[in-house]
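The structure appears below as structure tokens.
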Amino acid sequence: MAVDAAGELTRLTAAEIAAAIAAGEVSAVEVTQAHLDRIVAVDPDVHAFLHVAGLGALAAAEEVDRKRAAGEPLGPLAGVPLALKDVLTTRDMPTTCGSKILEGWRPPYDATVTRRLRDAGVIILGKTNMDEFAMGSSTENSAYGPSHNPWDLSRIPGGSSGGSSAAVAAYEAPLAIGTDTGGSIRQPAAVCGIVGMKPTYGGSSRYGLVAFASSLDTPGPLARTVLDAALLHEAMSGHDPCDSTSVDAPVPPVVAAARQADVAGLRVGVVSEFSGDGYQNGVTSRFNEAVELLESLGAKVVEVSCPNFTYALPAYYLIAPSECSSNLARFDGMRYGLRVGDDGTHSAEEVMSLTRAAGFGPEVKRRIMLGTYALSSGYYDAYYGKAQQVRTLINRDFDTAFEQVDVLVSPTTPTTAFAIGERADDPLAMYFADLCTIPSDLAGNAAISVPCGLAPEDGLPVGLQIMAPVLADDRVYRVGAAVEAALEQRWGGPLLTQAKGLVQQSGGAQ
Amino acid sequence: MTQVAQLVPYDEAISRYEPVIGLETHVELGTTTKMFCGCRTTFGLEPNSAVCPVCLGLPGSLPVTNRAAIEYTIRIGLALNCTIATWCRFARKNYFYPDMPKDFQISQYDEPLCTDGWLDVVVEGQSFRVGIERVHLEEDTGKSLHMGGATGRIHGAEYSLVDYNRAGIPLVEVVTKPIAGTGAMAPAAARAYVTELRDLLRALGVSDVRMEEGSLRCDVNTSLALRGAREWGTRTETKNVNSLRSVERAVHFEIERQAAVLDAGRKVVQETRHFHEDNGTTTPGRSKEEAQDYRYFPEPDLVPVAPERDWVERIRASLPELPAARRTRLQAEWGLPDLDMTQLSNAGALDLVSETVAAGASAADARKWWMGELARHANETGVDLAELPITPAQVARVSAMVQAKTINDKLARQVLEGVLAGEGDPDTVVQARGLAIVSDDSALTEAVDDAIAANPDVAAKIRDGKTAAAGALVGAVMKATRGRADGTRVRELILERLAQS
């Protein structure tokens with residue numbers, strides 16, 4: 001294999017990199033160095049990373065090379081670089097969650113996902129930017145400044161896993177881990193033109209994932225191809241005794257499904273509630289084309305109504321803030337992280353209050369207040385209780401739908417990437433970005449976003465969302481891979497190669 | 001500074017008012033590991049040495065329920081005649097405090113594991129059935145030490161230290177229904193309930209229940225209503241009452257205090273109160289108006305607890321003999337009247353007597369020694385009977401020596417004294433102190449002859465056939481041998497020698 005130009009190494013898929021390393025065509029150290037060089041070259045513009053662990057990454061790569069030389073067995077992703085969302089704990093790197101309140105905090109333990117990646121020989125390049133405590137859809141809520149969309153640096157890369165999606169789209173890493181609570185993997189994947197998967201809730205461990213909303217948070221993969229996402233999905237998933245909500249069942253055969261990539265005879269339901277007003281024209285037209293494509297590939301397409309999906313957004317904005325108001329209580333300045341006012345004149349209670357006032361950003365404060373209110377005595381039934389009832393109704397809508405169809409499809413997000421600053425002062429407009437992704441979070445089922453073209457009016461990527469029942473994760477990979485193959489044939493290559501701006505400009509060898 | 005509470009003398013208060021009490025008892029379970037992580041629960045470790053990301057509530061950590069704690073709680077629930085939930089959840093109780101690592105406590109709210117049971121207690125020979133509202137499971141908090149202040153409370157302290165070793169230790173809360181109808185016996189009933197609960201928990205093997213280490217803590221609710229009134233009065237909740245005696249005193253004090261409030265035509269304030277061990281009084285804590293809203297909601301990090309029915313039945317089948325049943329059985333075996341049995345029980349001597357009987361002593365002897373000589377000694381030295389440096393086996397040995405006439409009761413007391421003084425086991429003490437009874441005729445004859453010679457008048461009476469007078473000579477011999485002579489043999493010798501003359 002021609003691996004003379006480091007720039008080419010960053011263009012390879014994770015599967016290609018792993019194969020090249022396993023075949024001895026390239027070393028893990030070379031691959032890692034190429035990606036570290038790429039980060040140095042483009043991250044000042046993209047700002048995908050909050051922390052780059054160059055030395056640690058190279059040491060891990062050396063270990064992979066040593067194992068290979070010694071003839072020890074290597075996993076399917078050994079030596080492949082990855083960008084880790086800064087919400088998962090790492091012993092050897094800070095974990096800030098994009099918040100001032102955890103600036104410089106070094107956890108004494110690895111998250112289960114982190115540990116599994118290390119065990120698989122995956123090379124962790126560093127920690128990626130995110131909306132503070134995963135609350136947002138643009139990374140503009142990061143205390144460390146926003147990340148930028150590699151397709152157009154003036155636009156948002158989505159959120160909250162926007163650092164992860166930007167890193168993958170800018171070829172800084174072939175793989176990234178994100179977390180999805182209301183769409184935080186799928187929406188950034190969609191607006192960056194890459195693949196993002198929210199596994200079934202409990203399919204991937206939450207141990208070491210700093211909680212936003214415990215009943216919703218799900219770690220998952222971001223990648224440039226469906227197969228790469230499946231490989232990462234398989235490496236990071238499986239039962240974890242440290243997470244009592246972890247599913248004690250075999251990981252669905254997602255890699256095999258991604259390789260199968262056919263939809264003949266599959267019943268596909270189009271969610272009728274997710275269209276019309278508020279949907280950008282280019283999003284609607286690309287989505288409709290994708291549906292026609294599925295039909296042409298042999299799928300049976302029907303329209304399915306899920307009437308309670310229209311209540312998903314308000315229900316989510318009661319449940320998630322309620323849980324976050326409790327989960328974020330521990331950031332009180334007593335044991336770790338920021339401490340303000342400890343000068344001998346303030347009580348412990350005052351120090352807690354001053355620390356939280358200084359350490360949390362406005363969106364985090366807004367949600368803590370919303371949640372505190374929703375759980376208050378006298379309001380609980382009307383807000384939190386009612387939202388849980390809506391959650392049950394959404395589950396029933398899915399159950400009814402999946403009696404008729406194998407998968408449901410919708411646009412991933414109503415619009416393409418908007419401009420940085422455009423919705424910063426309008427929380428409701430920002431929340432609208434997660435309109436289509438939230439139902440799968442509330443129901444805890446599997447959903448993926450795959451690129452389905454560019455909106456003609458702005459030339460920016462559009463995402464197709466594919467949803468499947470709980471533990472039928474393999475199904476969305478099967479459909480996603482079929483769509484990907486057909487579209488790439490139509491386009492003459494991956495969507496990302498059509499990106500103007502940073503991705504192409506900086507594409508050559510550095 | 002603090003206003004001294006006005007009090008009405010107890011008997012007077014009770015003559016006008018009817019008390020209703022209620023108890024919430026927290027018990028640390030004796031599991032090997034904590035409620036939601038694998039840390040040790042050993043008491044007295046170096047501060048902050050039994051901690052991990054989970055019990056420190058570090059960001060990202062998650063709890064996993066300890067099955068043994070669930071099993072222990074079900075044992076308690078079954079022993080208290082409760083219904084065991086088929087499905088229930090933990091809940092988060094949200095409030096900020098530095099010794100709570102997550103700033104919420106994982107507890108149970110409206111779905112407790114055990115509900116609606118009862119426990120019978122006996123007060124002064126009268127049996128009361130105490131209703132049990134609920135038994136639920138939660139995690140303990142860390143322990144704050146407020147340094148440099150006068151009161152040991154956070155207000156006025158210069159700084160505070162926190163030990164998180166206790167954070168996450170499984171804690172069971174047993175809540176009674178309101179206990180009415182105990183009248184003047186209310187303080188004693190409160191004490192009897194906690195005593196019975198403690199014994200029950202010990203018998204179940206779910207906790208070592210060391211009150212002095214804080215492994216059992218009580219909140220005591222008290223209210224008063226005018227005699228004959230249809231509605232109960234406003235209650236106060238006296239927090240953290242940590243000994244049996246304090247439970248009794250706290251109720252007693254609140255009855256006297258609330259009676260004075262009501263007599264003055266004022267209203268009892270619904271509030272929590274602090275109990276003061278030193279003088280037995282209570283003072284106000286925070287009142288209900290400023291009470292916190294804990295914003296309970298189901299704990300999303302934990303799956304629901306759904307104990308399988310056959311597991312519950314296996315636990316039920318494995319329950320040991322409970323204290324009340326055991327007392328009934330032992331009383332029948334020992335043939336004791338109610339009063340003696342109650343005394344034994346109240347003195348905490350049941351196990352000791354039982355073990356002494358098991359070591360070979362008769363029930364009457366075992367009871368005699370533990371409730372007599374040893375109880376007196378314990379009382380004088382201010383320790384519990386069980387803490388005396390003597391074992392049931394040693395007491396049984398002393399009893400056996402009396403039976404074998406190696407020693408008599410008077411000598412036996414000296415043997416016990418020797419054992420308690422650390423002189424060794426009973427045989428060693430008898431040997432070292434030379435306490436064995438002298439029944440050897442050659443040794444006794446000399447002392448008998450001396451006594452006859454020294455008391456010619458008494459000897460004359462005996463010769464005349466007044467054998468009852470022999471007692472005086474026996475006494476003289478006993479005195480001369482410092483009690484070591486075999487009294488029966490001495491009497492025989494005296495009569496023999498005076499008949500011969």
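In the structure tokens, the first chain shown is A, the next is B, and so on; residue numbers restart at 1 for each chain, and ligands run from 1 in the order shown.
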| said: Give me the residues near segment 406-414 of chain B as a PyMOL selection string, where near means some atom within 8 Å (using only C-alpha atoms) and where sequence neighbours in that chain fewer than 6 positions away do not count. | reply: chain B and resi 373+398-399+435-437+483-484
Please write the residues from the selection above to a file, keeping C-alpha atoms, as an mmCIF file, in the first residue's frame.
```cif
data_model
loop_
_atom_site.group_PDB
_atom_site.id
_atom_site.type_symbol
_atom_site.label_atom_id
_atom_site.label_comp_id
_atom_site.auth_asym_id
_atom_site.auth_seq_id
_atom_site.Cartn_x
_atom_site.Cartn_y
_atom_site.Cartn_z
ATOM 1 C CA GLU B 373 -23.530 -11.485 92.874
ATOM 2 C CA VAL B 398 -18.495 -22.448 90.093
ATOM 3 C CA SER B 399 -22.035 -23.781 90.231
ATOM 4 C CA LEU B 435 -10.929 -21.968 99.327
ATOM 5 C CA ALA B 436 -11.798 -25.683 99.099
ATOM 6 C CA ILE B 437 -14.077 -26.987 101.821
ATOM 7 C CA GLY B 483 -15.825 -20.770 106.370
ATOM 8 C CA ARG B 484 -13.979 -23.575 104.660
#
```
| said: Give me, as a PyMOL selection string, all polymer residues having an atom no more than 10 Å from Thr284 of chain A, counting only C-alpha atoms and skipping those fewer than 6 positions away in the same chain. | reply: chain A and resi 274-276+290+410-411+414-415+455+462
| message | Which residue is closest to chain B? Choose from A:Pro81, A:Gly378, A:Gly444, A:Gly56 and count only C-alpha atoms. | response |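 Nearest to chain B: A:Gly378.
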Using only C-alpha atoms, what does the table of chain B residues within 9 Å of chain A look like, with each row giving the shortest atom pair and its distance in Å to one decimal, sorted by chain and ascending number, as a tab-separated table?
```
residue	atom	partner	partner_atom	distance
B:Cys37	CA	A:Cys242	CA	8.9
B:Pro53	CA	A:Tyr109	CA	7.6
B:Leu56	CA	A:Arg335	CA	8.8
B:Gly57	CA	A:Arg330	CA	7.4
B:Leu58	CA	A:Pro107	CA	8.1
B:Pro59	CA	A:Val210	CA	5.1
B:Gly60	CA	A:Val210	CA	3.8
B:Ser61	CA	A:Gly208	CA	5.4
B:Leu62	CA	A:Tyr207	CA	5.9
B:Pro63	CA	A:Asp243	CA	7.2
B:Val64	CA	A:Ser244	CA	5.6
B:Thr65	CA	A:Ser244	CA	7.9
B:Arg92	CA	A:Ser326	CA	8.1
B:Asn94	CA	A:Ser326	CA	6.7
B:Tyr95	CA	A:Ala329	CA	8.4
B:Phe96	CA	A:Ala329	CA	7.5
B:Tyr97	CA	A:Glu349	CA	7.9
B:Pro98	CA	A:Met334	CA	6.5
B:Met100	CA	A:Arg330	CA	8.6
B:Pro101	CA	A:Arg330	CA	6.6
B:Lys102	CA	A:Arg330	CA	4.5
B:Asp103	CA	A:Arg330	CA	5.2
B:Phe104	CA	A:Ser326	CA	7.1
B:Glu158	CA	A:Gly344	CA	8.7
B:Asp293	CA	A:Ser377	CA	6.5
B:Tyr294	CA	A:Ser376	CA	7.9
B:Arg295	CA	A:Leu375	CA	5.2
B:Tyr296	CA	A:Leu375	CA	7.3
B:Phe297	CA	A:Leu375	CA	7.3
B:Glu299	CA	A:Ser214	CA	8.9
B:Pro300	CA	A:Ser215	CA	5.5
B:Asp301	CA	A:Ser214	CA	6.0
B:Leu302	CA	A:Ser244	CA	5.7
B:Val303	CA	A:Thr245	CA	6.0
```
| request: Name all residues at most 9 Å from Ala60 of chain A (count only C-alpha atoms; drop same-chain ones fewer than 6 positions away) and give them as a ChimeraX atom specification. | output: /A:28-29,79,118,121-124
